[in-house]
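Participant: Here you go, this is coords_18.txt (compact mmCIF, C-alpha atoms).
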# COMPACT_ATOMS: atom_id res chain seq x y z
CA MET A 27 0.00 0.00 0.00
CA SER A 28 0.96 3.59 -0.37
CA ARG A 29 3.11 5.40 2.16
CA PRO A 30 1.53 8.18 4.25
CA ALA A 31 2.01 11.75 3.05
CA SER A 32 1.77 14.86 5.20
CA LEU A 33 0.42 18.15 3.87
CA LEU A 34 3.96 19.54 4.10
CA ASP A 35 5.25 16.69 1.88
CA LEU A 36 2.57 17.49 -0.72
CA LEU A 37 3.47 21.18 -0.57
CA ILE A 38 7.17 20.45 -1.09
CA VAL A 39 6.78 17.90 -3.90
CA PHE A 40 4.17 19.78 -5.97
CA GLY A 41 5.66 23.19 -5.16
CA ARG A 42 9.05 22.08 -6.48
CA ILE A 43 7.50 20.64 -9.63
CA SER A 44 5.38 23.74 -10.23
CA ALA A 45 8.46 26.00 -10.01
CA THR A 46 10.79 23.90 -12.18
CA ALA A 47 8.71 21.99 -14.75
CA PHE A 48 9.86 24.06 -17.73
CA GLY A 49 8.70 23.13 -21.23
CA GLY A 50 5.88 20.79 -20.24
CA SER A 51 7.79 18.34 -18.05
CA SER A 52 5.42 18.29 -15.08
CA ILE A 53 3.74 14.93 -15.79
CA PRO A 54 7.01 12.95 -15.95
CA MET A 55 8.23 14.81 -12.86
CA MET A 56 5.06 13.93 -10.97
CA ARG A 57 5.13 10.27 -11.92
CA ARG A 58 8.76 10.03 -10.87
CA ALA A 59 8.25 11.83 -7.56
CA VAL A 60 4.97 10.17 -6.60
CA VAL A 61 5.67 6.59 -7.78
CA HIS A 62 9.45 6.19 -7.52
CA GLU A 63 10.89 8.71 -5.06
CA ARG A 64 8.12 8.95 -2.45
CA GLU A 65 6.37 5.65 -3.28
CA TRP A 66 2.99 7.19 -2.50
CA LEU A 67 1.23 5.38 -5.35
CA THR A 68 1.85 2.29 -7.48
CA GLU A 69 2.33 2.59 -11.27
CA HIS A 70 -1.20 1.31 -11.68
CA GLU A 71 -2.72 3.85 -9.28
CA PHE A 72 -0.86 6.66 -11.04
CA LEU A 73 -2.12 5.47 -14.42
CA GLU A 74 -5.65 5.43 -13.04
CA ILE A 75 -5.36 9.05 -11.86
CA TYR A 76 -3.75 10.02 -15.18
CA SER A 77 -6.73 8.47 -17.01
CA LEU A 78 -9.22 10.35 -14.84
CA ALA A 79 -7.36 13.62 -15.38
CA GLN A 80 -7.81 13.25 -19.15
CA VAL A 81 -11.60 13.33 -18.85
CA CYS A 82 -11.82 16.07 -16.19
CA PRO A 83 -11.95 19.84 -16.84
CA GLY A 84 -8.77 21.85 -16.34
CA GLY A 85 -5.13 21.29 -17.20
CA VAL A 86 -4.04 17.64 -16.87
CA PRO A 87 -1.05 18.32 -14.54
CA ILE A 88 -3.20 20.33 -12.10
CA THR A 89 -5.84 17.62 -12.08
CA ILE A 90 -3.25 14.90 -11.42
CA ALA A 91 -1.78 16.94 -8.55
CA ILE A 92 -5.12 17.59 -6.86
CA LEU A 93 -6.33 14.00 -7.27
CA VAL A 94 -3.06 12.70 -5.78
CA GLY A 95 -3.43 15.24 -2.94
CA LYS A 96 -6.99 14.14 -2.27
CA ARG A 97 -6.17 10.44 -2.34
CA LEU A 98 -3.23 10.83 0.05
CA ALA A 99 -4.56 13.45 2.48
CA GLY A 100 -8.27 13.97 1.84
CA VAL A 101 -9.85 17.34 1.09
CA PRO A 102 -7.07 19.34 2.85
CA GLY A 103 -4.58 17.50 0.62
CA PHE A 104 -6.64 18.50 -2.39
CA PHE A 105 -6.39 22.21 -1.58
CA VAL A 106 -2.71 22.06 -0.58
CA ALA A 107 -1.88 20.30 -3.86
CA LEU A 108 -3.92 22.89 -5.82
CA VAL A 109 -2.02 25.82 -4.31
CA ALA A 110 1.38 24.06 -4.49
CA GLU A 111 0.88 23.08 -8.14
CA THR A 112 -0.33 26.50 -9.36
CA LEU A 113 1.20 29.31 -7.26
CA PRO A 114 4.98 28.81 -7.78
CA GLY A 115 4.50 28.28 -11.53
CA PHE A 116 2.35 31.43 -11.66
CA VAL A 117 5.08 33.51 -9.99
CA VAL A 118 7.83 32.15 -12.28
CA LEU A 119 5.64 32.72 -15.35
CA LEU A 120 5.04 36.37 -14.43
CA ILE A 121 8.74 36.96 -13.78
CA LEU A 122 9.58 35.45 -17.19
CA ALA A 123 6.81 37.48 -18.88
CA ILE A 124 8.18 40.72 -17.43
CA LEU A 125 11.77 39.77 -18.35
CA SER A 126 10.82 38.78 -21.89
CA LEU A 127 9.36 42.26 -22.57
CA ASP A 128 12.99 43.20 -23.11
CA PRO A 129 13.61 42.29 -26.78
CA HIS A 130 17.27 41.52 -26.09
CA MET A 131 16.49 38.54 -23.86
CA THR A 132 18.04 36.00 -26.24
CA VAL A 133 19.62 34.18 -23.27
CA LEU A 134 16.20 33.59 -21.75
CA ARG A 135 14.83 32.25 -25.03
CA ALA A 136 17.85 29.95 -25.48
CA ALA A 137 17.44 28.65 -21.92
CA LEU A 138 13.77 27.93 -22.51
CA ARG A 139 14.61 26.07 -25.75
CA GLY A 140 17.16 23.92 -23.91
CA ALA A 141 14.68 23.19 -21.13
CA SER A 142 11.90 22.26 -23.55
CA ALA A 143 14.16 19.85 -25.46
CA ALA A 144 14.90 18.13 -22.14
CA ALA A 145 11.20 18.24 -21.23
CA LEU A 146 10.45 16.39 -24.46
CA GLY A 147 13.06 13.79 -23.49
CA ALA A 148 11.47 13.40 -20.06
CA MET A 149 8.05 12.98 -21.66
CA VAL A 150 9.41 10.33 -24.08
CA ALA A 151 11.01 8.37 -21.21
CA ASN A 152 7.82 8.66 -19.17
CA THR A 153 5.60 7.41 -21.99
CA ILE A 154 7.98 4.53 -22.78
CA GLN A 155 7.92 3.44 -19.14
CA MET A 156 4.15 3.62 -18.89
CA THR A 157 3.69 1.71 -22.17
CA TRP A 158 6.34 -0.95 -21.40
CA PRO A 159 4.15 -3.34 -19.32
CA PHE A 160 1.63 -3.47 -22.19
CA ARG A 161 4.12 -4.04 -25.02
CA THR A 162 3.15 -7.71 -25.50
CA LYS A 163 -0.61 -7.12 -25.26
CA LEU A 164 -1.81 -7.00 -28.84
CA VAL A 165 -5.10 -5.17 -28.24
CA ASP A 166 -3.43 -2.45 -26.15
CA VAL A 167 -0.71 -1.84 -28.74
CA ALA A 168 -3.30 -1.69 -31.53
CA VAL A 169 -5.46 0.82 -29.63
CA ILE A 170 -2.43 2.99 -28.79
CA VAL A 171 -1.49 3.19 -32.48
CA LEU A 172 -5.09 3.77 -33.63
CA VAL A 173 -5.73 6.54 -31.06
CA ALA A 174 -2.47 8.28 -31.98
CA ALA A 175 -3.29 8.04 -35.71
CA ALA A 176 -6.87 9.27 -35.16
CA VAL A 177 -5.67 12.39 -33.35
CA ILE A 178 -2.62 13.16 -35.50
CA VAL A 179 -4.11 12.38 -38.93
CA PHE A 180 -7.82 13.10 -38.47
CA HIS A 181 -7.52 15.71 -35.67
CA LEU A 182 -10.20 14.01 -33.58
CA THR A 183 -11.00 15.90 -30.38
CA LEU A 184 -11.04 14.15 -27.01
CA TRP A 185 -14.80 13.57 -26.99
CA TYR A 186 -14.78 11.84 -30.38
CA VAL A 187 -11.78 9.75 -29.30
CA LEU A 188 -13.68 8.56 -26.22
CA LEU A 189 -16.94 8.03 -28.13
CA LEU A 190 -15.15 5.90 -30.71
CA PHE A 191 -12.49 4.11 -28.68
CA LEU A 192 -14.22 3.33 -25.38
CA PRO A 193 -16.64 0.84 -27.03
CA LEU A 194 -14.08 -0.31 -29.61
CA THR A 195 -11.44 -1.05 -26.94
CA PHE A 196 -14.02 -2.75 -24.76
CA PHE A 197 -15.09 -5.13 -27.52
CA MET A 198 -11.49 -5.83 -28.57
CA LEU A 199 -10.47 -6.63 -24.98
CA ARG A 200 -13.58 -8.77 -24.57
CA ALA A 201 -12.75 -10.65 -27.78
CA VAL A 202 -9.39 -11.73 -26.32
CA ARG A 203 -11.01 -12.30 -22.89
CA ALA A 204 -8.88 -9.62 -21.21
CA VAL A 205 -11.91 -8.09 -19.43
CA MET B 17 -12.05 42.97 -15.19
CA LEU B 18 -15.28 41.29 -14.09
CA ARG B 19 -15.81 40.12 -17.66
CA LEU B 20 -12.26 38.72 -17.69
CA VAL B 21 -13.01 36.64 -14.59
CA LEU B 22 -16.34 35.43 -16.02
CA VAL B 23 -14.87 34.42 -19.39
CA PHE B 24 -12.02 32.45 -17.83
CA ALA B 25 -14.26 30.85 -15.20
CA VAL B 26 -16.54 29.55 -17.97
CA LEU B 27 -13.54 28.27 -19.95
CA SER B 28 -12.27 26.60 -16.78
CA ALA B 29 -15.54 24.86 -15.96
CA LEU B 30 -16.23 23.71 -19.50
CA GLY B 31 -12.64 22.84 -20.38
CA PHE B 32 -13.01 19.09 -20.28
CA GLY B 33 -9.99 17.51 -21.94
CA GLY B 34 -7.31 19.83 -20.62
CA GLY B 35 -5.55 22.85 -22.08
CA ASN B 36 -5.69 21.82 -25.73
CA ALA B 37 -9.48 21.84 -25.57
CA VAL B 38 -9.77 25.41 -24.26
CA PHE B 39 -7.11 27.33 -26.24
CA PRO B 40 -9.16 27.78 -29.45
CA GLN B 41 -12.12 29.23 -27.52
CA MET B 42 -9.76 31.31 -25.36
CA TYR B 43 -8.26 32.78 -28.52
CA VAL B 44 -11.68 33.74 -29.89
CA ASP B 45 -12.74 35.36 -26.60
CA SER B 46 -9.50 37.22 -25.85
CA VAL B 47 -8.53 38.35 -29.34
CA GLU B 48 -11.63 38.53 -31.50
CA VAL B 49 -14.47 39.26 -29.09
CA TYR B 50 -12.99 41.39 -26.29
CA HIS B 51 -9.69 42.59 -27.86
CA TRP B 52 -7.72 42.07 -24.63
CA VAL B 53 -4.60 41.11 -26.62
CA THR B 54 -3.61 41.13 -30.30
CA ALA B 55 -3.19 37.89 -32.25
CA PRO B 56 0.66 38.02 -32.25
CA GLN B 57 0.61 38.83 -28.52
CA PHE B 58 -1.63 35.81 -27.90
CA ALA B 59 0.79 33.60 -29.84
CA ALA B 60 3.77 34.94 -27.87
CA ASP B 61 1.93 34.47 -24.56
CA PHE B 62 0.96 30.95 -25.57
CA ALA B 63 4.58 30.03 -26.32
CA LEU B 64 5.82 31.52 -23.06
CA ALA B 65 3.12 29.82 -20.96
CA ARG B 66 3.90 26.46 -22.57
CA LEU B 67 7.64 26.77 -21.94
CA SER B 68 7.32 28.09 -18.40
CA PRO B 69 6.87 25.75 -15.48
CA GLY B 70 3.34 25.33 -14.26
CA PRO B 71 0.31 24.54 -16.39
CA ALA B 72 -0.06 25.87 -19.94
CA THR B 73 -3.44 27.30 -18.93
CA GLY B 74 -1.29 29.89 -17.10
CA ILE B 75 -1.68 31.85 -20.34
CA SER B 76 -4.82 33.23 -18.63
CA ALA B 77 -2.50 35.03 -16.19
CA LEU B 78 -0.60 36.68 -19.06
CA ILE B 79 -3.84 37.91 -20.65
CA GLY B 80 -4.95 39.14 -17.22
CA LEU B 81 -1.60 40.94 -16.89
CA ALA B 82 -2.27 42.79 -20.17
CA VAL B 83 -5.78 43.78 -19.06
CA GLY B 84 -5.22 44.76 -15.43
CA GLY B 85 -1.61 44.45 -14.32
CA LEU B 86 -0.71 42.13 -11.45
CA PRO B 87 -4.22 42.09 -9.90
CA GLY B 88 -5.61 41.18 -13.33
CA ALA B 89 -3.07 38.37 -13.64
CA ALA B 90 -3.96 36.98 -10.22
CA LEU B 91 -7.72 37.18 -10.83
CA ALA B 92 -7.44 35.57 -14.27
CA ALA B 93 -5.33 32.72 -12.89
CA ILE B 94 -7.76 32.08 -10.03
CA ALA B 95 -10.71 32.17 -12.45
CA MET B 96 -8.91 29.66 -14.70
CA PHE B 97 -7.78 27.22 -11.99
CA VAL B 98 -10.44 27.17 -9.26
CA PRO B 99 -13.74 26.28 -11.04
CA ALA B 100 -12.17 23.29 -12.82
CA ALA B 101 -10.60 22.13 -9.54
CA LEU B 102 -13.94 22.27 -7.72
CA ILE B 103 -15.60 20.23 -10.48
CA VAL B 104 -12.76 17.68 -10.21
CA LEU B 105 -13.38 17.53 -6.44
CA ALA B 106 -17.07 16.78 -7.02
CA LEU B 107 -16.33 14.23 -9.77
CA SER B 108 -13.73 12.43 -7.67
CA ALA B 109 -16.18 12.16 -4.74
CA LEU B 110 -18.67 10.61 -7.16
CA TYR B 111 -15.97 8.29 -8.54
CA ASP B 112 -14.99 7.17 -5.02
CA ARG B 113 -18.61 6.26 -4.24
CA PHE B 114 -18.46 3.65 -7.00
CA ARG B 115 -15.25 2.13 -5.63
CA GLU B 116 -16.73 -1.36 -5.49
CA HIS B 117 -18.75 -1.11 -8.66
CA PRO B 118 -17.53 -3.51 -11.39
CA TRP B 119 -17.89 -0.78 -14.03
CA ARG B 120 -15.14 1.23 -12.37
CA ALA B 121 -12.57 -1.53 -12.84
CA LEU B 122 -13.78 -2.00 -16.41
CA PHE B 123 -13.47 1.76 -17.12
CA GLN B 124 -9.93 1.75 -15.72
CA ARG B 125 -8.85 -1.18 -17.87
CA VAL B 126 -10.43 0.14 -21.08
CA MET B 127 -8.97 3.65 -20.56
CA ILE B 128 -5.36 2.42 -20.27
CA PRO B 129 -4.49 2.03 -23.98
CA ILE B 130 -6.55 5.11 -24.92
CA VAL B 131 -4.65 7.27 -22.43
CA LEU B 132 -1.32 5.81 -23.54
CA GLY B 133 -2.24 6.64 -27.15
CA LEU B 134 -3.05 10.23 -26.11
CA SER B 135 0.24 10.37 -24.23
CA TRP B 136 2.17 9.46 -27.40
CA VAL B 137 0.24 12.16 -29.26
CA GLY B 138 1.40 14.60 -26.57
CA VAL B 139 4.99 13.51 -27.20
CA LEU B 140 4.67 14.13 -30.95
CA LEU B 141 3.05 17.54 -30.48
CA LEU B 142 5.72 18.55 -27.95
CA ALA B 143 8.42 17.37 -30.39
CA ARG B 144 7.14 19.76 -33.08
CA GLY B 145 7.88 22.79 -30.94
CA ALA B 146 10.90 21.51 -29.02
CA LEU B 147 13.13 20.13 -31.76
CA GLY B 148 15.08 22.45 -34.05
CA GLY B 149 18.75 21.88 -34.82
CA TRP B 150 20.92 18.97 -33.76
CA GLN B 151 21.71 20.48 -30.36
CA THR B 152 18.09 20.13 -29.27
CA TRP B 153 18.08 16.48 -30.45
CA VAL B 154 21.17 15.79 -28.33
CA ILE B 155 19.65 17.47 -25.27
CA GLY B 156 16.35 15.63 -25.79
CA LEU B 157 17.98 12.21 -26.23
CA ALA B 158 20.32 12.79 -23.28
CA ALA B 159 17.33 13.70 -21.09
CA THR B 160 15.47 10.58 -22.26
CA GLY B 161 18.45 8.40 -21.31
CA LEU B 162 18.95 10.08 -17.93
CA MET B 163 15.26 9.69 -17.10
CA LEU B 164 15.18 6.04 -18.18
CA TRP B 165 18.39 4.77 -16.64
CA THR B 166 19.36 7.02 -13.74
CA ARG B 167 17.56 8.29 -10.66
CA ILE B 168 18.69 11.89 -11.09
CA ASN B 169 15.99 14.31 -10.00
CA ALA B 170 13.87 15.41 -12.99
CA SER B 171 13.80 19.07 -11.90
CA LEU B 172 17.60 19.06 -11.91
CA ILE B 173 17.73 17.63 -15.46
CA ILE B 174 15.32 20.28 -16.82
CA VAL B 175 17.04 23.20 -15.08
CA ALA B 176 20.51 21.95 -16.16
CA ALA B 177 19.25 21.68 -19.77
CA GLY B 178 18.02 25.27 -19.48
CA ALA B 179 21.46 26.41 -18.35
CA LEU B 180 23.08 24.41 -21.18
CA GLY B 181 20.63 25.96 -23.66
CA ALA B 182 21.54 29.45 -22.46
CA LEU B 183 25.18 28.64 -23.26
CA ILE B 184 24.91 26.83 -26.61
CA LEU B 185 21.57 27.77 -28.23
CA ARG B 186 22.06 31.53 -28.54
Could you rewrite the structure in this file as structure tokens?

Facilitator:
Amino acid sequence: MSRPASLLDLLIVFGRISATAFGGSSIPMMRRAVVHEREWLTEHEFLEIYSLAQVCPGGVPITIAILVGKRLAGVPGFFVALVAETLPGFVVLLILAILSLDPHMTVLRAALRGASAAALGAMVANTIQMTWPFRTKLVDVAVIVLVAAAVIVFHLTLWYVLLLFLPLTFFMLRAVRAV
Amino acid sequence: MLRLVLVFAVLSALGFGGGNAVFPQMYVDSVEVYHWVTAPQFAADFALARLSPGPATGISALIGLAVGGLPGAALAAIAMFVPAALIVLALSALYDRFREHPWRALFQRVMIPIVLGLSWVGVLLLARGALGGWQTWVIGLAATGLMLWTRINASLIIVAAGALGALILR
């Protein structure tokens, strides 16, 4: 089972991520901190929260943070995670916005490009690790490829993806007796 | 300023599917309907919010900054973050009530490959903006390797790549 988390732990973990997750690296950072470093959740529990976050309103990283906070420390954990995940990032964003008004801030732009290349790398590693346990499951691999193609090629929005793939995946999994 | 709060609160509450679902409507409201920012300014704000730490929906704070300075930024951010969070709180309470229901386990299992597919789409979309020139490929691949095979803190990797970028990507 998951280890206990105090409100202070939640504040530190999500506050650090909010302040440093340049270039869209917050989801890999969260998975690493919550599953591997703190061992608050198992891979499977994280994947469950990640799935829920996709179908909730609001940015996916915020939703993951607040759902983790709520699961570990109830409603107070929810609010602590919300503040910790949004406030530091908000302050850093405003500082950068004010700095970037200066047209000569090429150093800042170069730093952000470096950070976003690394963020992409973190996201690739994260997605490989999450996909790895399912690599031999034919239906899962097929659905992953079909969903990716549907969004990239046909620009399907989330609701159409769910409308199409929830029943399709269900019947495919049923056909191989996986559910 | 009141209108700013209302527009972002509605976007927040109806923004099922995360940031990518709300940006088109946010563009229409902020640029075409209320003229809070110009189109190039919106694009620049969007890029900055995506690269900065914290959620990409933080772009609301930048639009708020243009409309009403720091108080505008704070109000816009609160309007963007809080309604969605409260809906998530209600939904998660509902979800927890069905803890024992067999449909919940079924939903979890069926969602796995769909979410992984969406995650790979996210990787490809991120790659479009993040890769340009061989240096960014090297940084990206190095970060992938470090994340896969070492236990180095992810924040450290991202911040170090930023420092490296400042040195070599100018």

Participant: Excluding range 148-158 of chain B and any residue of its chain fewer than 4 positions from it, enumerate the residues within 7 Å of it, using all atoms listed in the file, and give them as a PyMOL selection string.

Facilitator: (chain A and resi 140+143-144+146-147) or (chain B and resi 162+177)

Participant: For range 80-97 of chain B, list every protein, DNA or RNA residue within 6 Å, evaluated using all atoms listed in the file, and leave out those in the same chain fewer than 3 positions away; present the list as a count of residues only.

Facilitator: 7

Participant: Using only C-alpha atoms and a cut-off of 6 Å, which residues of chain A sit close to chain B? Please list them as an NGL selection string.

Facilitator: :A and (44-49 or 55 or 77 or 80-86 or 115 or 119 or 133 or 136-138 or 140-144 or 147-148 or 151 or 166 or 169-170 or 173-174 or 196)

Participant: How many Å lie between CA of Glu74 in chain A and CA of Met149 in chain A, rounded to one decimal?

Facilitator: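 Interatomic distance, CA of Glu74 in chain A to CA of Met149 in chain A: 17.9 Å.
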
Participant: Using only C-alpha atoms, pick whichever of A:Glu65, A:Phe40, A:Thr132, A:Ala145 has the shortest atom-to-atom distance to Phe105 in chain A.

Facilitator: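 Looking at the shortest contact to Phe105 in chain A, the residue is A:Phe40.
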
Participant: Quick one: axis-aligned box around all listed atoms of range 67-77 of chain B, 6 Å on every side, centre and edge lengths in Å to one decimal, written as JSON.

Facilitator:
{"center_x": 1.4, "center_y": 29.8, "center_z": -18.1, "size_x": 24.5, "size_y": 22.5, "size_z": 19.7}

Participant: Have a look at CA of Phe104 in chain A and CA of Ile92 in chain A and let me know their distance in Å, one decimal.

Facilitator: 4.8 Å

Participant: Choose the residue, out of A:Asn152, A:Thr157, A:Thr112, A:Ser51, that has the smallest atom-to-atom separation from Ala91 in chain A; count all atoms listed in the file.

Facilitator: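 Checking each of A:Asn152, A:Thr157, A:Thr112, A:Ser51 against Ala91 in chain A, counting all atoms listed in the file, the winner is A:Thr112.
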
Participant: One number please: CA of Arg135 in chain A to CA of Pro54 in chain A, in Å, one decimal.

Facilitator: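 About the pair CA of Arg135 in chain A and CA of Pro54 in chain A: they are 22.7 Å apart.
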
Participant: Give as a CSV table (one decimal) with C-alpha atoms, keeping the file's coordinate frame the set of residues within 10 Å of the point (-8.7, 40.8, -25.2), where distances use the file's coordinates and all atoms listed in the file.

Facilitator:
chain,number,residue,atom,x,y,z
B,20,LEU,CA,-12.3,38.7,-17.7
B,42,MET,CA,-9.8,31.3,-25.4
B,43,TYR,CA,-8.3,32.8,-28.5
B,44,VAL,CA,-11.7,33.7,-29.9
B,45,ASP,CA,-12.7,35.4,-26.6
B,46,SER,CA,-9.5,37.2,-25.8
B,47,VAL,CA,-8.5,38.4,-29.3
B,48,GLU,CA,-11.6,38.5,-31.5
B,49,VAL,CA,-14.5,39.3,-29.1
B,50,TYR,CA,-13.0,41.4,-26.3
B,51,HIS,CA,-9.7,42.6,-27.9
B,52,TRP,CA,-7.7,42.1,-24.6
B,53,VAL,CA,-4.6,41.1,-26.6
B,54,THR,CA,-3.6,41.1,-30.3
B,55,ALA,CA,-3.2,37.9,-32.2
B,58,PHE,CA,-1.6,35.8,-27.9
B,79,ILE,CA,-3.8,37.9,-20.6
B,80,GLY,CA,-5.0,39.1,-17.2
B,82,ALA,CA,-2.3,42.8,-20.2
B,83,VAL,CA,-5.8,43.8,-19.1
